[in-house]
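**Q** Dropping in work.tsv, with TSV, C-alpha atoms.
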```tsv
chain	number	residue	atom	x	y	z
A	62	MET	CA	11.48	-47.38	72.42
A	63	SER	CA	7.86	-47.05	73.52
A	64	THR	CA	6.59	-44.57	76.08
A	65	ALA	CA	5.75	-47.42	78.43
A	66	SER	CA	9.18	-49.03	78.21
A	67	THR	CA	10.88	-45.67	78.77
A	68	LEU	CA	8.89	-45.14	81.95
A	69	ALA	CA	9.41	-48.72	83.10
A	70	ARG	CA	13.15	-48.68	82.47
A	71	TYR	CA	13.70	-45.38	84.21
A	72	THR	CA	11.53	-46.46	87.12
A	73	LEU	CA	13.68	-49.58	87.49
A	74	ARG	CA	16.76	-47.36	87.48
A	75	ALA	CA	15.22	-45.13	90.13
A	76	MET	CA	14.26	-48.13	92.29
A	77	GLU	CA	17.83	-49.43	92.12
A	78	LYS	CA	19.01	-46.05	93.36
A	79	ILE	CA	16.41	-45.94	96.14
A	80	ALA	CA	16.83	-49.56	97.28
A	81	PRO	CA	19.78	-51.39	95.65
A	82	LEU	CA	18.85	-55.02	95.13
A	83	ARG	CA	22.23	-56.14	96.51
A	84	LEU	CA	20.85	-55.25	99.96
A	85	ALA	CA	18.10	-57.88	99.75
A	86	GLU	CA	18.33	-61.05	101.82
A	87	LYS	CA	19.88	-64.04	100.03
A	88	TRP	CA	16.64	-66.03	100.27
A	89	ASP	CA	14.54	-63.27	98.74
A	90	ASN	CA	13.21	-62.96	95.19
A	91	VAL	CA	13.51	-59.33	94.14
A	92	GLY	CA	13.78	-57.19	91.02
A	93	LEU	CA	11.84	-57.33	87.77
A	94	LEU	CA	9.68	-60.44	88.17
A	95	LEU	CA	7.35	-60.00	85.20
A	96	GLU	CA	8.31	-58.21	81.99
A	97	SER	CA	5.47	-57.82	79.54
A	98	PRO	CA	6.37	-57.95	75.83
A	99	ILE	CA	3.35	-55.77	75.01
A	100	ALA	CA	3.87	-52.03	74.55
A	101	ARG	CA	1.40	-49.61	76.16
A	102	PRO	CA	2.17	-46.36	74.32
A	103	GLU	CA	-0.22	-44.22	76.37
A	104	ALA	CA	0.68	-45.68	79.76
A	105	ASN	CA	2.14	-43.11	82.16
A	106	ARG	CA	1.38	-44.57	85.60
A	107	VAL	CA	3.42	-46.53	88.13
A	108	LEU	CA	1.27	-48.25	90.76
A	109	LEU	CA	2.68	-48.97	94.24
A	110	THR	CA	1.24	-51.70	96.44
A	111	ILE	CA	2.24	-54.03	99.25
A	112	ASP	CA	0.55	-57.07	97.71
A	113	LEU	CA	-0.82	-57.88	94.28
A	114	THR	CA	-4.33	-58.85	95.41
A	115	PRO	CA	-7.41	-59.26	93.15
A	116	SER	CA	-8.56	-55.76	94.15
A	117	VAL	CA	-5.17	-54.26	93.30
A	118	LEU	CA	-5.19	-56.17	90.01
A	119	GLU	CA	-8.28	-54.25	88.90
A	120	GLU	CA	-6.40	-50.98	89.53
A	121	ALA	CA	-3.34	-52.28	87.70
A	122	LEU	CA	-5.37	-53.22	84.61
A	123	HIS	CA	-6.25	-49.55	84.07
A	124	PRO	CA	-4.99	-48.52	80.59
A	125	SER	CA	-2.65	-45.90	82.07
A	126	THR	CA	-0.60	-48.39	84.12
A	127	ALA	CA	2.84	-49.29	82.81
A	128	LEU	CA	4.42	-50.88	85.88
A	129	VAL	CA	3.36	-52.30	89.25
A	130	ILE	CA	5.81	-52.12	92.12
A	131	SER	CA	4.64	-54.81	94.52
A	132	TYR	CA	6.62	-54.73	97.76
A	133	HIS	CA	5.99	-58.43	98.37
A	134	PRO	CA	7.16	-60.57	95.45
A	135	PRO	CA	4.16	-62.22	93.74
A	136	ILE	CA	6.56	-64.88	92.48
A	137	PHE	CA	8.58	-66.31	95.35
A	138	LYS	CA	9.11	-70.05	95.01
A	139	PRO	CA	10.17	-71.74	91.74
A	140	LEU	CA	7.22	-72.49	89.48
A	141	SER	CA	6.74	-75.75	87.62
A	142	SER	CA	3.86	-74.30	85.62
A	143	PHE	CA	2.17	-70.97	84.94
A	144	THR	CA	-1.57	-71.36	84.47
A	145	LEU	CA	-4.89	-69.59	84.81
A	146	ALA	CA	-5.98	-72.19	87.38
A	147	ASN	CA	-3.83	-70.48	90.02
A	148	PRO	CA	-5.37	-67.10	90.99
A	149	LEU	CA	-2.06	-65.29	91.54
A	150	GLN	CA	-0.55	-66.70	88.36
A	151	ALA	CA	-3.70	-65.72	86.50
A	152	SER	CA	-3.27	-62.14	87.74
A	153	LEU	CA	0.28	-62.04	86.43
A	154	LEU	CA	-0.75	-63.52	83.08
A	155	ARG	CA	-3.51	-60.92	82.72
A	156	LEU	CA	-1.04	-58.11	83.45
A	157	ALA	CA	1.49	-59.44	80.96
A	158	ALA	CA	-1.21	-59.77	78.31
A	159	VAL	CA	-2.10	-56.08	78.49
A	160	GLY	CA	1.41	-54.68	78.79
A	161	VAL	CA	1.98	-54.26	82.55
A	162	SER	CA	5.23	-55.39	84.17
A	163	VAL	CA	5.82	-56.15	87.87
A	164	TYR	CA	8.82	-55.31	90.09
A	165	SER	CA	9.46	-56.19	93.75
A	166	PRO	CA	12.04	-54.57	96.09
A	167	HIS	CA	11.01	-56.41	99.30
A	168	THR	CA	13.89	-56.83	101.80
A	169	ALA	CA	16.13	-54.40	99.90
A	170	LEU	CA	13.62	-51.68	100.82
A	171	ASP	CA	13.62	-52.89	104.43
A	172	ALA	CA	17.39	-52.74	104.77
A	173	VAL	CA	18.36	-49.55	102.91
A	174	LYS	CA	19.01	-46.32	104.78
A	175	GLY	CA	15.82	-44.28	104.64
A	176	GLY	CA	13.82	-47.44	103.94
A	177	ILE	CA	11.00	-49.17	105.76
A	178	ASN	CA	12.83	-50.02	108.98
A	179	ASP	CA	14.03	-46.42	109.29
A	180	PHE	CA	10.46	-45.31	108.62
A	181	LEU	CA	9.32	-47.40	111.59
A	182	ALA	CA	12.10	-45.95	113.75
A	183	SER	CA	11.06	-42.43	112.76
A	184	GLY	CA	7.77	-42.92	114.57
A	185	LEU	CA	9.66	-43.35	117.83
A	186	LEU	CA	12.17	-40.55	117.29
A	187	ASP	CA	12.19	-37.21	115.52
A	188	ILE	CA	14.06	-38.30	112.40
A	189	ASP	CA	13.41	-37.80	108.70
A	190	ALA	CA	11.82	-41.04	107.50
A	191	SER	CA	13.12	-40.57	103.95
A	192	THR	CA	16.79	-40.06	104.89
A	193	ALA	CA	17.09	-41.57	108.39
A	194	GLU	CA	18.85	-38.40	109.51
A	195	SER	CA	18.23	-37.18	113.05
A	196	SER	CA	16.46	-33.89	113.63
A	197	VAL	CA	15.57	-33.93	117.30
A	198	HIS	CA	13.15	-31.21	118.44
A	199	GLU	CA	11.62	-32.80	121.53
A	200	THR	CA	13.97	-34.05	124.24
A	201	GLU	CA	11.61	-36.86	125.21
A	202	ARG	CA	11.95	-38.26	121.69
A	203	ALA	CA	15.73	-38.00	121.57
A	204	GLY	CA	17.71	-41.15	120.85
A	205	GLU	CA	19.85	-43.04	118.36
A	206	VAL	CA	19.18	-45.61	115.66
A	207	THR	CA	21.57	-48.42	114.76
A	208	PHE	CA	21.41	-51.65	112.78
A	209	LEU	CA	20.63	-54.74	114.82
A	210	GLY	CA	24.18	-55.81	114.05
A	211	GLY	CA	25.85	-52.63	115.27
A	212	ILE	CA	26.39	-48.92	114.59
A	213	ILE	CA	25.51	-47.27	111.30
A	214	LYS	CA	28.56	-45.96	109.47
A	215	GLU	CA	28.42	-43.18	106.90
A	216	GLU	CA	29.49	-45.53	104.12
A	217	ASP	CA	26.85	-48.17	104.97
A	218	GLU	CA	24.02	-48.46	102.46
A	219	GLY	CA	21.79	-50.45	104.75
A	220	GLY	CA	21.57	-53.25	107.28
A	221	LEU	CA	19.36	-55.72	109.10
A	222	GLY	CA	16.50	-54.32	111.19
A	223	ARG	CA	16.96	-51.32	113.49
A	224	LEU	CA	17.63	-50.78	117.17
A	225	VAL	CA	16.28	-47.56	118.70
A	226	ALA	CA	17.93	-46.43	121.94
A	227	LEU	CA	15.91	-43.69	123.63
A	228	HIS	CA	17.82	-41.23	125.79
A	229	ARG	CA	15.18	-41.52	128.51
A	230	GLN	CA	13.39	-44.42	130.11
A	231	THR	CA	9.83	-44.39	128.74
A	232	ALA	CA	6.56	-46.05	129.71
A	233	ILE	CA	5.52	-48.83	127.33
A	234	GLU	CA	2.14	-47.12	126.93
A	235	VAL	CA	3.91	-44.09	125.44
A	236	VAL	CA	5.82	-46.27	122.97
A	237	VAL	CA	2.59	-47.99	121.94
A	238	GLU	CA	0.82	-44.69	121.34
A	239	ARG	CA	3.69	-43.37	119.22
A	240	ILE	CA	3.56	-46.50	117.06
A	241	LYS	CA	-0.23	-46.37	116.66
A	242	ASN	CA	-0.15	-42.69	115.73
A	243	HIS	CA	2.71	-43.16	113.27
A	244	LEU	CA	1.09	-46.11	111.50
A	245	GLY	CA	-2.48	-44.82	111.73
A	246	LEU	CA	-3.68	-47.85	113.70
A	247	ASP	CA	-6.53	-48.06	116.18
A	248	TYR	CA	-4.92	-50.96	118.01
A	249	VAL	CA	-1.82	-53.13	118.25
A	250	ASP	CA	-1.22	-56.42	120.08
A	251	LEU	CA	0.95	-56.07	123.19
A	252	ALA	CA	2.59	-58.87	125.17
A	253	SER	CA	4.04	-57.86	128.54
A	254	PRO	CA	6.57	-59.48	130.87
A	255	LEU	CA	5.59	-60.59	134.37
A	256	VAL	CA	7.19	-57.54	135.99
A	257	PRO	CA	6.16	-54.22	134.34
A	258	ARG	CA	8.95	-51.71	133.77
A	259	GLN	CA	9.91	-48.69	131.73
A	260	VAL	CA	11.80	-49.22	128.48
A	261	ARG	CA	14.63	-47.59	126.56
A	262	THR	CA	15.63	-49.91	123.70
A	263	ILE	CA	13.30	-51.04	120.90
A	264	ALA	CA	14.33	-53.63	118.32
A	265	ILE	CA	12.53	-53.22	114.98
A	266	CYS	CA	11.85	-55.50	112.03
A	267	ALA	CA	9.24	-54.78	109.36
A	268	GLY	CA	6.86	-57.59	108.48
A	269	SER	CA	7.58	-60.92	110.18
A	270	GLY	CA	10.32	-60.36	112.73
A	271	GLY	CA	10.44	-63.53	114.81
A	272	SER	CA	13.66	-64.99	113.44
A	273	VAL	CA	15.37	-61.61	113.00
A	274	LEU	CA	14.61	-60.35	116.51
A	275	ALA	CA	15.18	-63.63	118.38
A	276	GLY	CA	17.89	-63.14	120.98
A	277	VAL	CA	18.36	-59.41	120.31
A	278	ASN	CA	19.07	-57.57	123.56
A	279	ALA	CA	16.27	-54.99	123.72
A	280	ASP	CA	13.45	-54.02	126.06
A	281	VAL	CA	10.83	-54.13	123.28
A	282	TYR	CA	10.40	-56.14	120.10
A	283	PHE	CA	8.41	-54.12	117.51
A	284	THR	CA	7.34	-55.95	114.36
A	285	GLY	CA	4.33	-57.00	112.30
A	286	GLU	CA	3.93	-60.59	113.39
A	287	MET	CA	5.68	-63.34	115.36
A	288	ALA	CA	4.85	-66.99	115.95
A	289	HIS	CA	3.11	-67.88	119.21
A	290	HIS	CA	6.13	-69.55	120.78
A	291	GLU	CA	8.43	-66.72	119.65
A	292	VAL	CA	6.24	-64.28	121.59
A	293	LEU	CA	6.25	-66.55	124.64
A	294	ALA	CA	10.04	-66.82	124.54
A	295	ALA	CA	10.48	-63.05	124.32
A	296	VAL	CA	8.08	-62.40	127.23
A	297	ALA	CA	9.77	-65.08	129.34
A	298	ALA	CA	13.04	-63.21	128.76
A	299	GLY	CA	11.48	-60.08	130.24
A	300	ARG	CA	10.69	-58.25	127.00
A	301	TYR	CA	7.62	-56.47	125.68
A	302	VAL	CA	6.36	-57.47	122.23
A	303	ILE	CA	4.37	-55.08	120.02
A	304	LEU	CA	2.71	-56.67	116.96
A	305	CYS	CA	0.97	-54.43	114.44
A	306	GLY	CA	-0.06	-56.88	111.72
A	307	HIS	CA	2.41	-57.88	109.01
A	308	THR	CA	1.56	-55.40	106.28
A	309	ASN	CA	0.65	-52.62	108.69
A	310	THR	CA	4.37	-52.16	109.36
A	311	GLU	CA	5.05	-51.73	105.64
A	312	ARG	CA	2.13	-49.92	104.01
A	313	GLY	CA	2.75	-46.53	105.62
A	314	TYR	CA	6.04	-46.26	103.75
A	315	LEU	CA	4.45	-46.33	100.29
A	316	PRO	CA	3.77	-42.54	100.17
A	317	VAL	CA	7.45	-41.97	101.07
A	318	LEU	CA	8.50	-44.27	98.23
A	319	ALA	CA	6.11	-42.53	95.85
A	320	SER	CA	7.67	-39.16	96.69
A	321	LYS	CA	11.17	-40.48	96.07
A	322	LEU	CA	10.17	-42.00	92.73
A	323	ARG	CA	8.47	-38.81	91.55
A	324	ALA	CA	11.57	-36.77	92.37
A	325	LEU	CA	13.94	-39.11	90.54
A	326	LEU	CA	11.75	-39.43	87.44
A	327	ALA	CA	11.46	-35.63	87.28
A	328	GLU	CA	15.24	-35.38	87.61
A	329	TYR	CA	15.81	-37.89	84.79
A	330	ALA	CA	13.42	-35.93	82.55
A	331	GLN	CA	15.42	-32.70	82.78
A	332	PRO	CA	17.26	-31.66	79.59
A	333	THR	CA	20.41	-31.18	81.66
A	334	SER	CA	20.26	-34.75	83.01
A	335	ALA	CA	23.16	-36.92	81.94
A	336	ALA	CA	21.07	-40.07	82.37
A	337	THR	CA	21.11	-42.53	79.48
A	338	LEU	CA	19.70	-45.98	78.89
A	339	LEU	CA	21.26	-49.12	77.51
A	340	SER	CA	19.62	-50.36	74.34
A	341	ASP	CA	18.82	-54.02	73.84
A	342	TYR	CA	22.19	-54.26	72.09
A	343	GLY	CA	24.20	-52.73	74.95
A	344	THR	CA	24.79	-49.30	73.42
A	345	GLN	CA	24.17	-46.04	75.27
A	346	LEU	CA	21.03	-44.18	74.22
A	347	GLY	CA	20.18	-40.60	75.07
A	348	LEU	CA	16.56	-39.66	75.63
A	349	THR	CA	14.56	-38.05	72.87
A	350	ASP	CA	12.34	-35.04	73.56
A	351	ASP	CA	9.29	-37.31	73.39
A	352	GLU	CA	10.79	-39.67	75.94
A	353	ARG	CA	11.63	-36.81	78.30
A	354	ALA	CA	8.08	-35.58	77.91
A	355	ALA	CA	6.85	-39.08	78.79
A	356	LEU	CA	8.87	-39.02	82.02
A	357	ASN	CA	7.61	-35.54	82.82
A	358	SER	CA	4.04	-36.78	82.51
A	359	ALA	CA	4.67	-39.88	84.63
A	360	GLU	CA	2.37	-40.41	87.61
A	361	VAL	CA	3.22	-42.48	90.68
A	362	PHE	CA	0.14	-43.77	92.51
A	363	VAL	CA	-0.24	-45.58	95.81
A	364	SER	CA	-2.91	-48.27	95.50
A	365	ARG	CA	-6.23	-47.43	97.13
A	366	ALA	CA	-7.33	-51.07	97.14
A	367	ASP	CA	-4.26	-52.44	98.93
A	368	ARG	CA	-4.99	-53.09	102.61
A	369	HIS	CA	-4.20	-55.42	105.48
A	370	PRO	CA	-5.97	-58.74	104.76
A	371	LEU	CA	-7.34	-59.17	108.29
A	372	ARG	CA	-9.88	-57.09	110.17
A	373	ARG	CA	-11.20	-57.46	113.68
A	374	VAL	CA	-14.91	-58.31	113.96
```
What would the structure in this file look like if it were written as structure tokens?
**A**
Amino acid sequence: MSTASTLARYTLRAMEKIAPLRLAEKWDNVGLLLESPIARPEANRVLLTIDLTPSVLEEALHPSTALVISYHPPIFKPLSSFTLANPLQASLLRLAAVGVSVYSPHTALDAVKGGINDFLASGLLDIDASTAESSVHETERAGEVTFLGGIIKEEDEGGLGRLVALHRQTAIEVVVERIKNHLGLDYVDLASPLVPRQVRTIAICAGSGGSVLAGVNADVYFTGEMAHHEVLAAVAAGRYVILCGHTNTERGYLPVLASKLRALLAEYAQPTSAATLLSDYGTQLGLTDDERAALNSAEVFVSRADRHPLRRV
């Protein structure tokens, strides 16, 4: 087993532990989407990105890259062909040709406890973004987080969206500032109802939340983007809408994911770890010293080229 395949396989195992694919929406296309048959013996890097753009591709082609974790699946709809004429397909073909595989967690990472939606909620409350556990230090930020479908039980692995219920009525301007500070944004788009009021409940959906948030009983809808008429309907119902830009609600979580991956890969590399891999023939394989050393040397990088595709001019 090559160094690259050891790193890739253990990264896939770690991702399944962080965000089990069974939590993804039924319509989604998640998991290992591109598996290169080419070994990269010296590759020790996992690259995290929201989208596999041309700029990110140049990073991914670096000789040290073994695996790209692209939050958005670069293959979504069924393909009738796979050619160099299509820019995205060409990117995938170039990666496969040099030994880089591609994995996407998408909505599984949204739904899981401690995932992206909990990360967004953590900007409104004092909770640990990586575990979704409350640790309230400031009374004005006290509140609870539930799934959009109801309370979060201890045995639940994840659920759809999040609903933050603040303990105190809060000015919408305060909520906006918390979101901007948490996501590192200079601005957000705000739609306001005819009669201004203070708010207590905020419904959250990472990315495009129009269909998920529609009809949810909350004072504020907080998401990346909604269709024009979805915004109008929410405002007509007396709700505020805060739109941050689709990927702006997702990108801030990548450093959290990187930290989780580093910790799990380091754990798997320990001599006392009971972790094993299945061979291509279904038998259990223990790690060799060289393979443990490969995991110890693994690096998890957040893309520097990945960014929101739109800018205000």
**Q** For Arg373 of chain A, list every protein, DNA or RNA residue within 12 Å, evaluated using only C-alpha atoms, and leave out those in the same chain fewer than 5 positions away; present the list as a PyMOL selection string.
**A** chain A and resi 247-250+306
**Q** Closest to Glu360 of chain A among A:Gln259, A:Ser272, A:Ser320, A:Ala298, using all atoms listed in the file?
**A** A:Ser320
**Q** Measuring between only C-alpha atoms, which one of A:Gly184, A:Gly92, A:Gly276, A:Gly204 shows the shortest distance to Arg239 of chain A?
**A** A:Gly184
**Q** Excluding segment 220-232 of chain A and any residue of its chain fewer than 5 positions from it, enumerate the residues within 6 Å of it, using all atoms listed in the file, and give them as a JSON list (two decimals) with C-alpha atoms, in the frame of the given file.
**A**
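That gives us result_5.json:
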```json
[["chain", "number", "residue", "atom", "x", "y", "z"],
["A", 172, "ALA", "CA", 17.39, -52.74, 104.77],
["A", 203, "ALA", "CA", 15.73, -38.00, 121.57],
["A", 204, "GLY", "CA", 17.71, -41.15, 120.85],
["A", 205, "GLU", "CA", 19.85, -43.04, 118.36],
["A", 206, "VAL", "CA", 19.18, -45.61, 115.66],
["A", 207, "THR", "CA", 21.57, -48.42, 114.76],
["A", 208, "PHE", "CA", 21.41, -51.65, 112.78],
["A", 209, "LEU", "CA", 20.63, -54.74, 114.82],
["A", 259, "GLN", "CA", 9.91, -48.69, 131.73],
["A", 260, "VAL", "CA", 11.80, -49.22, 128.48],
["A", 261, "ARG", "CA", 14.63, -47.59, 126.56],
["A", 262, "THR", "CA", 15.63, -49.91, 123.70],
["A", 263, "ILE", "CA", 13.30, -51.04, 120.90],
["A", 264, "ALA", "CA", 14.33, -53.63, 118.32],
["A", 265, "ILE", "CA", 12.53, -53.22, 114.98],
["A", 266, "CYS", "CA", 11.85, -55.50, 112.03]]
```
**Q** Atom CA of Ile303 of chain A and atom CA of Val173 of chain A, how far apart in Å?
**A** 22.8 Å
**Q** Between segment 97-153 of chain A and segment 71-85 of chain A, at 10 Å or less, what are the per-residue closest atom pairs and their distances in Å? Count all atoms listed in the file, order by chain and rising residue number, and return it as a Markdown table.
**A**
```
| residue | atom | partner | partner_atom | distance |
| --- | --- | --- | --- | --- |
| A:Val107 | CA | A:Thr72 | CA | 8.2 |
| A:Leu128 | CA | A:Thr72 | CA | 8.5 |
| A:Ile130 | CA | A:Met76 | CA | 9.3 |
```
**Q** Let me have the centre and edge lengths in Å, one decimal, of the box along x, y and z around every listed atom of segment 279-290 of chain A with 5 Å of margin on each side, as lines of an AutoDock Vina configuration file.
**A**
```
center_x = 9.7
center_y = -61.8
center_z = 119.2
size_x = 23.2
size_y = 25.5
size_z = 23.8
```
**Q** What is the atom CA of Ile233 of chain A to atom CA of Glu311 of chain A distance in Å?
**A**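 Taking atom CA of Ile233 of chain A as the start and atom CA of Glu311 of chain A as the end point, the length is 21.9 Å.
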**Q** I'd like to know which of A:Leu94, A:Leu348, A:Ala267, A:Leu185 is closest to Leu153 of chain A, using only C-alpha atoms.
**A**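 Going through A:Leu94, A:Leu348, A:Ala267, A:Leu185 one by one, the smallest distance to Leu153 of chain A is for A:Leu94.
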**Q** Distance atom CA of Arg365 of chain A-atom CA of Leu149 of chain A, one decimal place?
**A**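 The value is 19.2 Å.
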**Q** Would you please work out which residue, of A:Leu244, A:Ile212, A:Ala146, A:Ala295, is nearest to Thr308 of chain A when using all atoms listed in the file?
**A**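 Ranking A:Leu244, A:Ile212, A:Ala146, A:Ala295 by distance to Thr308 of chain A, first place goes to A:Leu244.
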**Q** Counting only C-alpha atoms, which of A:Lys321, A:His133, A:Arg106, A:Lys241 gets nearest to Asp367 of chain A?
**A** A:His133
**Q** Using all atoms listed in the file, which protein or nucleic acid residues come within 8 Å of Ala355 of chain A? Drop anything in the same chain fewer than 3 positions from it, and give the result as an MDAnalysis selection string.
**A** chainID A and resid 64 67:68 105 351:352 358:359
